[in-house]
file data.cif (mmCIF, C-alpha atoms)
data_protein
loop_
_atom_site.label_atom_id
_atom_site.label_comp_id
_atom_site.auth_asym_id
_atom_site.auth_seq_id
_atom_site.Cartn_x
_atom_site.Cartn_y
_atom_site.Cartn_z
CA MET A 1 104.67 76.07 71.69
CA ALA A 2 108.30 75.99 72.76
CA VAL A 3 109.05 78.81 70.36
CA LEU A 4 106.21 80.84 71.80
CA LEU A 5 107.41 80.29 75.35
CA ALA A 6 110.98 81.17 74.43
CA GLY A 7 109.68 84.24 72.63
CA ALA A 8 107.65 85.27 75.67
CA TRP A 9 110.74 84.83 77.82
CA LEU A 10 112.82 87.06 75.53
CA VAL A 11 110.16 89.72 75.15
CA ARG A 12 109.85 90.13 78.91
CA ASP A 13 111.62 93.24 79.85
CA TRP A 14 113.44 93.56 83.10
CA ARG A 15 113.93 97.32 83.23
CA TRP A 16 115.10 97.66 86.78
CA SER A 17 115.79 101.32 86.03
CA VAL A 18 112.03 101.91 86.20
CA VAL A 19 111.98 100.68 89.77
CA TRP A 20 115.05 102.72 90.61
CA GLN A 21 113.68 105.93 89.11
CA ALA A 22 110.33 105.51 90.79
CA SER A 23 111.83 104.52 94.13
CA PRO A 24 111.11 107.82 95.94
CA PHE A 25 107.46 107.51 94.93
CA LEU A 26 107.35 103.84 95.91
CA LEU A 27 109.01 104.57 99.23
CA ARG A 28 106.43 107.24 99.98
CA GLY A 29 103.74 104.64 99.27
CA LEU A 30 105.51 102.19 101.56
CA GLY A 31 105.56 104.88 104.23
CA VAL A 32 101.80 105.25 103.89
CA SER A 33 101.38 101.48 104.25
CA TRP A 34 103.52 101.33 107.40
CA GLU A 35 101.86 104.40 108.88
CA LEU A 36 98.42 102.99 108.22
CA ALA A 37 99.31 99.56 109.60
CA MET A 38 100.96 100.85 112.76
CA LEU A 39 98.35 103.53 113.52
CA SER A 40 95.43 101.18 113.01
CA ALA A 41 97.18 98.45 115.02
CA ALA A 42 97.67 100.91 117.88
CA ILE A 43 94.07 102.16 117.75
CA GLY A 44 92.87 98.59 117.28
CA LEU A 45 94.84 97.36 120.27
CA ALA A 46 93.48 100.08 122.54
CA SER A 47 89.86 99.60 121.46
CA GLY A 48 90.34 95.83 121.21
CA THR A 49 91.44 95.71 124.84
CA LEU A 50 88.30 97.61 125.85
CA LEU A 51 86.16 95.27 123.73
CA ALA A 52 87.79 92.18 125.20
CA ALA A 53 87.33 93.47 128.74
CA ALA A 54 83.71 94.32 127.91
CA ARG A 55 83.16 90.86 126.46
CA LEU A 56 84.67 89.14 129.48
CA TYR A 57 83.69 91.24 132.48
CA GLY A 58 80.89 93.52 131.30
CA HIS A 59 77.23 93.68 132.15
CA PRO A 60 75.39 90.94 130.16
CA MET A 61 74.02 93.52 127.70
CA ILE A 62 77.46 95.03 127.12
CA ARG A 63 78.94 91.57 126.89
CA ARG A 64 76.52 90.59 124.15
CA THR A 65 76.97 93.83 122.22
CA ALA A 66 80.76 93.50 122.28
CA ALA A 67 80.55 89.86 121.20
CA ALA A 68 78.17 90.74 118.36
CA TYR A 69 80.42 93.54 117.12
CA ILE A 70 83.51 91.30 117.20
CA GLU A 71 81.83 88.36 115.49
CA VAL A 72 80.17 90.44 112.76
CA ILE A 73 83.40 92.25 111.87
CA ARG A 74 85.32 89.00 111.88
CA SER A 75 82.86 87.20 109.68
CA ILE A 76 82.65 89.67 106.78
CA PRO A 77 85.40 90.32 104.22
CA GLN A 78 87.81 93.12 105.01
CA ILE A 79 87.01 94.70 101.65
CA MET A 80 83.37 94.94 102.68
CA ILE A 81 84.36 96.95 105.75
CA ILE A 82 86.43 99.32 103.63
CA PHE A 83 83.43 99.67 101.30
CA TRP A 84 81.15 100.34 104.23
CA ILE A 85 83.28 103.12 105.61
CA PHE A 86 84.12 104.75 102.30
CA PHE A 87 80.92 104.34 100.29
CA SER A 88 78.00 103.37 102.49
CA VAL A 89 78.32 105.39 105.67
CA PRO A 90 78.99 108.90 104.22
CA PRO A 91 75.63 109.14 102.35
CA LEU A 92 73.84 108.27 105.58
CA THR A 93 75.60 110.90 107.62
CA GLY A 94 75.71 113.41 104.80
CA THR A 95 79.49 113.78 104.90
CA VAL A 96 82.22 113.16 102.38
CA MET A 97 84.92 110.78 103.43
CA ASN A 98 88.49 111.25 102.26
CA ALA A 99 90.53 108.19 101.40
CA TRP A 100 93.05 108.48 104.24
CA PRO A 101 90.62 108.83 107.18
CA ALA A 102 88.34 106.22 105.61
CA ALA A 103 91.24 103.77 105.31
CA LEU A 104 92.38 104.47 108.85
CA ILE A 105 88.88 104.05 110.29
CA ALA A 106 88.20 100.87 108.32
CA LEU A 107 91.52 99.29 109.28
CA SER A 108 91.11 100.33 112.91
CA ILE A 109 87.69 98.69 113.01
CA ILE A 110 89.14 95.51 111.47
CA ALA A 111 92.10 95.59 113.86
CA SER A 112 89.91 96.21 116.92
CA ALA A 113 87.74 93.14 116.29
CA TYR A 114 90.64 90.77 115.54
CA LEU A 115 92.86 92.11 118.31
CA ALA A 116 89.96 91.94 120.78
CA GLU A 117 89.99 88.17 120.35
CA VAL A 118 93.76 88.09 120.79
CA VAL A 119 93.48 90.13 123.99
CA ARG A 120 90.60 87.99 125.21
CA ALA A 121 92.68 84.83 124.75
CA GLY A 122 95.52 86.57 126.59
CA LEU A 123 93.24 87.60 129.46
CA LEU A 124 91.84 84.07 129.71
CA SER A 125 95.37 82.68 129.88
CA VAL A 126 95.91 84.43 133.23
CA PRO A 127 94.93 81.98 135.99
CA ARG A 128 91.77 82.89 137.86
CA VAL A 129 93.52 82.71 141.21
CA HIS A 130 95.58 85.78 140.33
CA ARG A 131 92.44 87.85 140.16
CA GLU A 132 91.09 86.31 143.32
CA SER A 133 94.30 86.90 145.23
CA ALA A 134 94.38 90.51 144.01
CA TYR A 135 90.86 90.96 145.36
CA ALA A 136 91.90 89.24 148.59
CA ALA A 137 94.80 91.69 148.84
CA GLY A 138 92.22 94.47 148.74
CA LEU A 139 92.70 95.74 145.17
CA GLY A 140 89.70 97.08 143.30
CA GLY A 141 88.38 95.78 139.99
CA THR A 142 90.10 98.35 137.76
CA THR A 143 93.38 98.22 139.65
CA THR A 144 93.41 94.45 139.42
CA PHE A 145 92.74 94.57 135.69
CA VAL A 146 95.37 97.21 134.89
CA HIS A 147 98.13 96.13 137.25
CA VAL A 148 97.68 92.38 137.68
CA ILE A 149 95.80 90.81 134.78
CA LEU A 150 96.75 92.99 131.81
CA PRO A 151 100.58 92.86 132.17
CA GLN A 152 100.55 89.07 132.33
CA ALA A 153 98.05 88.81 129.50
CA LEU A 154 100.13 91.12 127.31
CA ARG A 155 103.18 88.94 127.76
CA ASN A 156 101.25 85.79 126.87
CA MET A 157 99.58 87.24 123.82
CA LEU A 158 102.59 88.99 122.31
CA PRO A 159 103.26 86.37 119.58
CA ALA A 160 99.62 86.25 118.51
CA LEU A 161 99.53 90.04 118.58
CA ILE A 162 102.43 90.34 116.17
CA ALA A 163 100.92 87.66 113.94
CA HIS A 164 97.82 89.82 113.69
CA ILE A 165 99.85 92.93 112.99
CA VAL A 166 101.30 91.02 110.03
CA MET A 167 97.72 90.38 108.95
CA ILE A 168 96.86 94.08 109.30
CA PHE A 169 99.90 95.02 107.25
CA LYS A 170 98.73 92.70 104.51
CA VAL A 171 95.21 94.09 104.66
CA THR A 172 96.55 97.61 104.06
CA SER A 173 97.13 96.54 100.45
CA LEU A 174 93.33 96.46 100.03
CA VAL A 175 92.95 100.22 100.49
CA TYR A 176 94.12 100.29 96.87
CA LEU A 177 90.39 100.09 96.25
CA ILE A 178 89.50 103.53 97.57
CA GLY A 179 92.32 105.37 95.86
CA LEU A 180 94.74 105.85 98.71
CA VAL A 181 98.30 105.72 97.35
CA ASP A 182 99.77 103.04 99.58
CA PHE A 183 102.67 100.86 98.47
CA PHE A 184 100.44 98.61 96.40
CA ARG A 185 98.74 101.44 94.54
CA ALA A 186 102.04 103.26 94.10
CA THR A 187 103.44 100.20 92.34
CA MET A 188 100.35 99.96 90.16
CA LEU A 189 100.57 103.63 89.22
CA VAL A 190 104.22 103.34 88.22
CA ASN A 191 103.34 100.26 86.21
CA ASN A 192 100.56 102.11 84.44
CA ARG A 193 102.96 104.86 83.48
CA ASP A 194 106.10 102.92 82.54
CA TYR A 195 104.73 99.42 81.99
CA ALA A 196 107.42 97.20 83.42
CA PRO A 197 105.36 94.65 85.36
CA TYR A 198 108.10 92.07 85.90
CA PRO A 199 110.57 94.15 87.90
CA LEU A 200 107.82 96.18 89.57
CA TYR A 201 105.68 93.27 90.73
CA LEU A 202 108.74 91.36 91.85
CA THR A 203 109.91 94.36 93.86
CA MET A 204 106.45 94.69 95.36
CA ALA A 205 106.35 91.03 96.43
CA LEU A 206 109.87 91.21 97.86
CA VAL A 207 109.19 94.40 99.82
CA TYR A 208 105.97 93.03 101.30
CA PHE A 209 107.75 89.80 102.11
CA PHE A 210 110.61 91.46 103.93
CA CYS A 211 108.39 93.88 105.84
CA ASN A 212 106.23 91.05 107.13
CA PHE A 213 109.18 88.71 107.56
CA PHE A 214 110.74 91.31 109.79
CA LEU A 215 107.54 91.44 111.84
CA SER A 216 107.18 87.68 112.08
CA ALA A 217 110.86 87.35 112.94
CA LEU A 218 109.99 89.36 116.04
CA ILE A 219 107.57 86.58 117.03
CA ARG A 220 110.28 83.96 116.85
CA TRP A 221 112.51 86.24 118.84
CA PHE A 222 109.90 86.49 121.60
CA ASP A 223 108.87 82.87 121.46
CA PRO A 224 110.93 80.33 119.48
CA LYS A 225 108.29 77.61 119.79
CA TYR A 226 105.47 79.71 118.43
CA THR A 227 103.81 78.67 115.18
CA LEU A 228 101.68 81.24 113.44
CA SER A 229 98.03 80.45 113.19
CA ALA A 230 96.39 83.80 112.59
CA MET B 1 66.17 103.76 102.32
CA ASP B 2 64.74 101.81 99.46
CA TRP B 3 65.02 98.06 99.74
CA SER B 4 63.23 97.44 96.47
CA VAL B 5 66.57 97.79 94.63
CA VAL B 6 67.70 94.62 96.36
CA TRP B 7 64.71 92.73 95.00
CA HIS B 8 65.05 94.39 91.61
CA TYR B 9 68.65 93.23 91.24
CA ARG B 10 68.10 89.83 92.83
CA ALA B 11 69.42 88.02 89.78
CA ALA B 12 72.75 89.86 89.93
CA ILE B 13 73.07 89.22 93.67
CA LEU B 14 72.25 85.56 93.20
CA GLU B 15 74.80 85.22 90.43
CA GLY B 16 77.41 86.87 92.61
CA LEU B 17 76.53 84.52 95.43
CA VAL B 18 76.93 81.52 93.13
CA TYR B 19 80.40 82.75 92.10
CA THR B 20 81.38 83.34 95.72
CA ILE B 21 80.20 79.90 96.79
CA ALA B 22 81.82 78.20 93.80
CA ILE B 23 85.21 79.83 94.17
CA SER B 24 85.16 79.47 97.98
CA LEU B 25 84.23 75.80 97.91
CA LEU B 26 86.86 74.98 95.30
CA ALA B 27 89.44 77.02 97.18
CA MET B 28 88.55 75.30 100.45
CA ILE B 29 89.00 71.88 98.90
CA GLY B 30 92.20 72.88 97.11
CA SER B 31 93.83 74.60 100.05
CA PHE B 32 92.80 71.79 102.39
CA VAL B 33 94.36 69.15 100.13
CA LEU B 34 97.52 71.18 99.49
CA GLY B 35 97.82 72.30 103.12
CA THR B 36 97.31 68.78 104.47
CA LEU B 37 99.86 67.43 102.02
CA LEU B 38 102.42 70.03 103.10
CA GLY B 39 101.60 69.54 106.77
CA CYS B 40 101.99 65.76 106.51
CA LEU B 41 105.18 66.00 104.45
CA ARG B 42 106.65 68.20 107.17
CA MET B 43 106.11 65.32 109.59
CA THR B 44 108.49 63.07 107.61
CA HIS B 45 111.48 65.01 108.99
CA GLN B 46 113.36 65.10 105.72
CA SER B 47 115.47 68.16 106.28
CA VAL B 48 115.64 69.39 102.66
CA LEU B 49 111.94 68.87 102.14
CA ASN B 50 111.22 70.54 105.46
CA GLU B 51 113.25 73.57 104.59
CA ALA B 52 111.52 73.86 101.22
CA ILE B 53 108.07 73.63 102.80
CA ASN B 54 108.99 76.12 105.51
CA ALA B 55 110.23 78.54 102.87
CA TYR B 56 107.00 78.11 100.90
CA ILE B 57 104.87 78.75 103.97
CA GLU B 58 106.92 81.76 104.97
CA ILE B 59 106.66 83.29 101.48
CA VAL B 60 102.95 82.57 101.21
CA ARG B 61 102.13 84.01 104.62
CA ASN B 62 104.12 87.18 104.27
CA ILE B 63 102.82 88.37 100.92
CA PRO B 64 99.33 89.90 100.69
CA LEU B 65 96.72 87.91 98.79
CA ILE B 66 96.14 90.72 96.33
CA VAL B 67 99.81 90.68 95.34
CA LYS B 68 99.63 86.95 94.58
CA LEU B 69 96.42 87.54 92.67
CA PHE B 70 97.96 90.25 90.49
CA PHE B 71 101.00 88.07 89.89
CA LEU B 72 98.85 85.22 88.63
CA TYR B 73 96.59 87.47 86.61
CA TYR B 74 98.98 89.97 85.07
CA ILE B 75 102.30 88.12 85.02
CA ALA B 76 101.32 84.47 84.69
CA GLY B 77 98.50 85.63 82.42
CA LEU B 78 95.79 83.33 83.76
CA ASP B 79 92.10 84.11 83.34
CA ALA B 80 90.24 85.86 86.13
CA PHE B 81 88.56 82.86 87.74
CA PRO B 82 91.55 80.46 87.65
CA SER B 83 93.93 83.12 88.91
CA GLY B 84 91.54 83.99 91.74
CA LEU B 85 91.05 80.36 92.66
CA LEU B 86 94.77 79.58 92.54
CA ALA B 87 95.63 82.67 94.59
CA LEU B 88 93.11 81.64 97.27
CA VAL B 89 94.39 78.05 97.30
CA ILE B 90 98.04 79.10 97.57
CA HIS B 91 97.26 81.72 100.19
CA GLN B 92 95.25 79.50 102.53
CA SER B 93 97.39 76.38 102.08
CA GLY B 94 100.20 78.12 103.97
CA TYR B 95 97.94 78.58 106.97
CA ILE B 96 96.29 75.17 106.79
CA ALA B 97 99.69 73.46 106.63
CA ASP B 98 100.52 75.01 110.00
CA VAL B 99 97.17 73.95 111.44
CA ILE B 100 97.80 70.35 110.36
CA THR B 101 101.37 70.36 111.67
CA ALA B 102 100.19 71.75 115.00
CA GLY B 103 97.55 69.00 115.10
CA PHE B 104 100.16 66.29 114.61
CA ARG B 105 102.41 67.84 117.23
CA SER B 106 99.60 67.95 119.76
CA VAL B 107 98.79 64.26 119.28
CA GLY B 108 102.41 63.37 119.89
CA ALA B 109 104.84 60.77 118.66
CA GLU B 110 104.04 58.32 121.48
CA GLN B 111 100.66 57.63 119.90
CA ALA B 112 102.37 56.48 116.72
CA GLU B 113 104.85 54.46 118.77
CA ALA B 114 102.00 52.83 120.66
CA GLY B 115 100.65 51.80 117.27
CA TYR B 116 104.00 50.23 116.32
CA THR B 117 104.16 48.24 119.57
CA LEU B 118 100.73 46.85 118.81
CA GLY B 119 102.22 45.51 115.59
CA LEU B 120 100.63 48.03 113.23
CA ALA B 121 102.53 49.03 110.13
CA ARG B 122 103.60 52.64 109.71
CA TRP B 123 100.68 53.50 107.46
CA GLN B 124 98.19 51.62 109.64
CA SER B 125 99.36 53.46 112.71
CA PHE B 126 99.05 56.72 110.79
CA LEU B 127 95.65 55.96 109.30
CA TYR B 128 93.93 54.40 112.32
CA GLY B 129 95.91 55.84 115.19
CA LEU B 130 96.95 59.38 114.34
CA LEU B 131 94.61 60.61 111.64
CA PRO B 132 91.30 60.35 113.56
CA GLN B 133 92.79 62.20 116.52
CA VAL B 134 94.42 64.85 114.35
CA THR B 135 91.18 65.38 112.44
CA ARG B 136 89.25 65.95 115.64
CA ILE B 137 91.81 68.40 117.02
CA THR B 138 92.23 70.37 113.82
CA LEU B 139 88.51 70.74 113.12
CA PRO B 140 87.95 74.03 115.01
CA PRO B 141 90.99 75.84 113.55
CA LEU B 142 90.11 74.46 110.10
CA THR B 143 86.65 75.96 110.47
CA SER B 144 88.11 79.42 110.92
CA GLN B 145 90.45 78.81 107.98
CA PHE B 146 87.48 77.93 105.77
CA ILE B 147 85.60 81.04 106.89
CA GLU B 148 88.78 82.94 106.08
CA VAL B 149 88.57 81.53 102.52
CA ILE B 150 85.06 82.94 102.09
CA LYS B 151 86.16 86.34 103.35
CA ASN B 152 89.25 86.34 101.16
CA SER B 153 87.18 85.36 98.13
CA ALA B 154 86.00 88.99 98.02
CA VAL B 155 89.50 89.99 96.93
CA VAL B 156 89.14 88.21 93.58
CA MET B 157 86.82 91.04 92.48
CA PHE B 158 90.00 93.01 91.77
CA VAL B 159 90.63 90.99 88.63
CA GLY B 160 86.98 91.09 87.63
CA VAL B 161 85.47 87.89 88.95
CA GLN B 162 81.85 88.88 89.42
CA GLU B 163 81.35 87.52 92.91
CA LEU B 164 79.14 88.84 95.66
CA THR B 165 81.14 91.94 96.59
CA PHE B 166 81.59 92.83 92.93
CA ALA B 167 77.88 92.40 92.25
CA THR B 168 76.76 94.49 95.18
CA GLN B 169 79.25 97.23 94.32
CA GLU B 170 77.91 97.28 90.77
CA ILE B 171 74.42 97.65 92.15
CA SER B 172 75.43 100.41 94.49
CA GLN B 173 77.14 102.27 91.66
CA MET B 174 74.15 101.91 89.35
CA THR B 175 71.49 102.78 91.89
CA LEU B 176 73.47 104.88 94.40
CA ARG B 177 71.88 102.70 97.07
CA SER B 178 75.16 101.69 98.61
CA PHE B 179 73.79 101.20 102.12
CA GLU B 180 71.22 98.65 101.00
CA ALA B 181 73.67 96.86 98.72
CA ALA B 182 76.36 96.68 101.40
CA THR B 183 73.86 95.47 103.97
CA VAL B 184 72.74 92.64 101.72
CA ALA B 185 76.33 91.56 101.10
CA THR B 186 77.19 91.77 104.78
CA VAL B 187 74.20 89.69 105.79
CA ILE B 188 74.96 87.07 103.14
CA TYR B 189 78.61 86.83 104.17
CA GLY B 190 77.55 86.45 107.80
CA GLY B 191 75.14 83.70 106.76
CA LEU B 192 77.84 81.90 104.78
CA ALA B 193 80.21 82.03 107.76
CA LEU B 194 77.48 80.63 110.00
CA ALA B 195 76.74 77.91 107.45
CA VAL B 196 80.40 76.85 107.37
CA ALA B 197 80.60 76.86 111.17
CA GLY B 198 77.39 74.83 111.39
CA GLY B 199 78.55 72.35 108.75
CA MET B 200 81.90 71.80 110.43
CA ASN B 201 80.10 71.37 113.74
CA ARG B 202 78.02 68.58 112.24
CA ILE B 203 81.12 66.89 110.88
CA GLY B 204 82.66 67.21 114.34
CA ARG B 205 79.69 65.56 116.01
CA ARG B 206 79.77 62.76 113.46
CA LEU B 207 83.45 62.20 114.27
CA ASP B 208 82.85 62.18 118.02
CA TRP B 209 80.23 59.54 117.61
CA ALA B 210 82.45 57.33 115.45
#

call {"tool": "encode", "arguments": {"input": "data.cif", "output": "structure tokens"}}
result
Amino acid sequence: MAVLLAGAWLVRDWRWSVVWQASPFLLRGLGVSWELAMLSAAIGLASGTLLAAARLYGHPMIRRTAAAYIEVIRSIPQIMIIFWIFFSVPPLTGTVMNAWPAALIALSIIASAYLAEVVRAGLLSVPRVHRESAYAAGLGGTTTFVHVILPQALRNMLPALIAHIVMIFKVTSLVYLIGLVDFFRATMLVNNRDYAPYPLYLTMALVYFFCNFFLSALIRWFDPKYTLSA
Amino acid sequence: MDWSVVWHYRAAILEGLVYTIAISLLAMIGSFVLGTLLGCLRMTHQSVLNEAINAYIEIVRNIPLIVKLFFLYYIAGLDAFPSGLLALVIHQSGYIADVITAGFRSVGAEQAEAGYTLGLARWQSFLYGLLPQVTRITLPPLTSQFIEVIKNSAVVMFVGVQELTFATQEISQMTLRSFEAATVATVIYGGLALAVAGGMNRIGRRLDWA
């Protein structure tokens, strides 16, 4: 047993040159991951804000629809949503979906539902009297929302927002499934060609760690007392 | 649309569901135990231990689940099911540890001190004073963590565990009825999430009564 383990340890090859040679390819994959995460977070935040506002202030029908959308998306696996967009919707509409738009749409849908809840919590954290005093000062509904409620809510929800962007960044690794060459798939492809799993996987874990650590360090910078619970 | 494929492949769907439930339940138990242990150990204020646990949580939270899964499967060389289970346990324990720590913080040290002044021992004060309160406070966030486990369990299909998502994808590839297959999986996942929420609610009511 000991001999076997020692043998396994010796046989492991740590060809860091593989990682070095493939680094332009890996970096391009990492670029795709970042692009996907940031774009879908931006789209998700915009549509999430609308959803949260609809869920809080909308007509009862709109309120229920928004709530249903948010809860359904949040209760099914993220992979299922990627499957839906890439495999299940195109046959219905008679179109062919490419990997990049499918990934972007799927991640934006995921981001919108999760971020809607973050925004909703932020909006609820603004005391009611602020809205009432804005009305008393003669501001209209939209003006109050955009200029009074939203700025305060944004400040309160910033840590939770970044925590969810970390989540979205991690979810980008799942688009591996539909063939988009993000950082995860890039690493896999290099591994399939050169077979050096130890240095490659370790690099992959380290890169993901530092990208997300950088993001979550921003949270601590904004709010030292904040503990992640996304 | 042709829903008969769903009925035709009911055995495969059922088997996938069994795998999903099995791996999710085991992962819930495992990550709850590990997360609670880490969360409680963090309350002992041993600086070295604290640093180690913080580092663990930080590493676990910042690396995607699929990366952990591939590490366990391809590098550690575990079988599909154990590597999936272990990846889910490790992944969620990082989040549950924070939930538990936050629960303890919200109850506050004065509750423990009140226990000491009443003449309770450290463990008595912990067991009868803090724990019931912490359990009640952490129940809602734990519920969402457990639902998270079910959702994350879909990721283990990447190493070939034939759980619900895997099964329905197989069906959709064999029959080209991907809409029906995806709908079935979505509905089942929604039902599982509701079941967990309902179950935790019952536990919560039981605790309130006690």

call {"tool": "interface_residues", "arguments": {"input": "data.cif", "of": "chain A", "to": "chain B", "cutoff": "6 Å", "atoms": "only C-alpha atoms", "output": "list in words"}}
result
Ser75, Ile76, Pro77, Ser88, Lys170, Tyr208, Phe209 and Asn212 of chain A

call {"tool": "atom_distance", "arguments": {"input": "data.cif", "atom1": "atom CA of Met200 of chain B", "atom2": "atom CA of Gln133 of chain B"}}
result
15.7 Å

call {"tool": "resolve_selection", "arguments": {"input": "data.cif", "expression": "the PyMOL selection byres ((chain B and resi 161) around 9)", "output": "PyMOL selection string"}}
result
chain B and resi 16+19+80-81+84+156-160+162-163+166

call {"tool": "resolve_selection", "arguments": {"input": "data.cif", "expression": "the PyMOL selection byres ((chain A and resi 26) around 9)", "output": "MDAnalysis selection string"}}
result
chainID A and resid 19 22:25 27:31 182:184 186:187 190

call {"tool": "write_last_selection", "arguments": {"input": "data.cif", "atoms": "C-alpha atoms", "output": "compact mmCIF listing (two decimals), in the coordinates of the input"}}
result
# COMPACT_ATOMS: atom_id res chain seq x y z
CA VAL A 19 111.98 100.68 89.77
CA ALA A 22 110.33 105.51 90.79
CA SER A 23 111.83 104.52 94.13
CA PRO A 24 111.11 107.82 95.94
CA PHE A 25 107.46 107.51 94.93
CA LEU A 27 109.01 104.57 99.23
CA ARG A 28 106.43 107.24 99.98
CA GLY A 29 103.74 104.64 99.27
CA LEU A 30 105.51 102.19 101.56
CA GLY A 31 105.56 104.88 104.23
CA ASP A 182 99.77 103.04 99.58
CA PHE A 183 102.67 100.86 98.47
CA PHE A 184 100.44 98.61 96.40
CA ALA A 186 102.04 103.26 94.10
CA THR A 187 103.44 100.20 92.34
CA VAL A 190 104.22 103.34 88.22

call {"tool": "atom_distance", "arguments": {"input": "data.cif", "atom1": "atom CA of Gly77 of chain B", "atom2": "atom CA of His91 of chain B"}}
result
18.2 Å

call {"tool": "decode", "arguments": {"input": "data.cif", "residues": "segment 200-220 of chain A", "atoms": "N, CA and C atoms", "output": "tab-separated table (two decimals), in the first residue's frame"}}
result
chain	number	residue	atom	x	y	z
A	200	LEU	N	-2.49	21.65	-14.22
A	200	LEU	CA	-3.60	22.37	-14.85
A	200	LEU	C	-4.76	22.60	-13.88
A	201	TYR	N	-5.16	21.54	-13.17
A	201	TYR	CA	-6.28	21.68	-12.25
A	201	TYR	C	-5.93	22.61	-11.11
A	202	LEU	N	-4.66	22.51	-10.66
A	202	LEU	CA	-4.25	23.39	-9.57
A	202	LEU	C	-4.29	24.85	-10.02
A	203	THR	N	-3.81	25.09	-11.24
A	203	THR	CA	-3.86	26.45	-11.79
A	203	THR	C	-5.30	26.93	-11.85
A	204	MET	N	-6.17	26.03	-12.35
A	204	MET	CA	-7.58	26.40	-12.47
A	204	MET	C	-8.17	26.80	-11.12
A	205	ALA	N	-7.92	25.97	-10.10
A	205	ALA	CA	-8.47	26.26	-8.77
A	205	ALA	C	-7.91	27.59	-8.26
A	206	LEU	N	-6.60	27.79	-8.44
A	206	LEU	CA	-5.98	29.02	-7.94
A	206	LEU	C	-6.55	30.25	-8.64
A	207	VAL	N	-6.70	30.16	-9.96
A	207	VAL	CA	-7.20	31.32	-10.71
A	207	VAL	C	-8.63	31.66	-10.27
A	208	TYR	N	-9.49	30.61	-10.19
A	208	TYR	CA	-10.85	30.88	-9.73
A	208	TYR	C	-10.83	31.48	-8.34
A	209	PHE	N	-9.97	30.91	-7.49
A	209	PHE	CA	-9.92	31.42	-6.12
A	209	PHE	C	-9.56	32.90	-6.10
A	210	PHE	N	-8.52	33.26	-6.84
A	210	PHE	CA	-8.06	34.65	-6.75
A	210	PHE	C	-9.05	35.61	-7.41
A	211	CYS	N	-9.69	35.19	-8.50
A	211	CYS	CA	-10.70	36.06	-9.11
A	211	CYS	C	-11.81	36.36	-8.11
A	212	ASN	N	-12.32	35.29	-7.48
A	212	ASN	CA	-13.43	35.48	-6.56
A	212	ASN	C	-12.98	36.12	-5.26
A	213	PHE	N	-11.73	35.82	-4.86
A	213	PHE	CA	-11.22	36.43	-3.64
A	213	PHE	C	-11.10	37.93	-3.83
A	214	PHE	N	-10.71	38.32	-5.02
A	214	PHE	CA	-10.63	39.74	-5.35
A	214	PHE	C	-12.00	40.38	-5.22
A	215	LEU	N	-13.03	39.69	-5.77
A	215	LEU	CA	-14.38	40.22	-5.69
A	215	LEU	C	-14.86	40.28	-4.24
A	216	SER	N	-14.61	39.20	-3.48
A	216	SER	CA	-15.14	39.23	-2.11
A	216	SER	C	-14.31	40.14	-1.21
A	217	ALA	N	-13.06	40.43	-1.62
A	217	ALA	CA	-12.29	41.42	-0.87
A	217	ALA	C	-12.93	42.80	-0.99
A	218	LEU	N	-13.59	43.04	-2.13
A	218	LEU	CA	-14.30	44.30	-2.31
A	218	LEU	C	-15.40	44.45	-1.26
A	219	ILE	N	-16.06	43.32	-0.94
A	219	ILE	CA	-17.13	43.38	0.07
A	219	ILE	C	-16.58	43.86	1.39
A	220	ARG	N	-15.45	43.25	1.78
A	220	ARG	CA	-14.87	43.62	3.08
A	220	ARG	C	-14.42	45.07	3.06
